[in-house]
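Everything below concerns the one structure shown next.
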Amino acid sequence: MVNFGEKLRTLRKEAGMTQTELAKKLNITKSVVSYYELQERTPSPEVIVKLAAVFHVTADYLLGIENKKLIDVSDLTEDDMRFLLVTIETLRKKNHR
């Protein structure tokens, strides 16, 4: 099972961020990010919410409660969203035959 620190480090690296860059986004120090990744400190609920927003995942994903990442669709148009919903429904029907 992947621990929080490993998951955070993986997400940060996948995003191409340094610890310093992540720290600035969270309004904390680089040292604190390092402590989180080393499992020497536990982030507050507020920091977990900020991390979820930065990496476009759920807090549950960060905490190991679920294994799914979110798909960020915030910059899509309404037409794009309708297309995605129809496509998702079509795939669900196909897979449940």
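Labels used: A, B, ... for chains in the order of the structure tokens, numbers from 1 for residues in each chain, and numbers from 1 for ligands as shown.
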- Query: Which polymer residues have any atom within 10 Å of an atom of Asn67 (chain A), counting only C-alpha atoms, with same-chain residues fewer than 5 positions away left out, as a ChimeraX atom specification?
  - Reply: /A:57-58,60-62
- When distances are computed from only C-alpha atoms, which of A:Pro45, A:Met81, A:Tyr35, A:Phe55 shows the smallest separation from Met17 (chain A)?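 Closest to Met17 (chain A), using only C-alpha atoms: A:Phe55.
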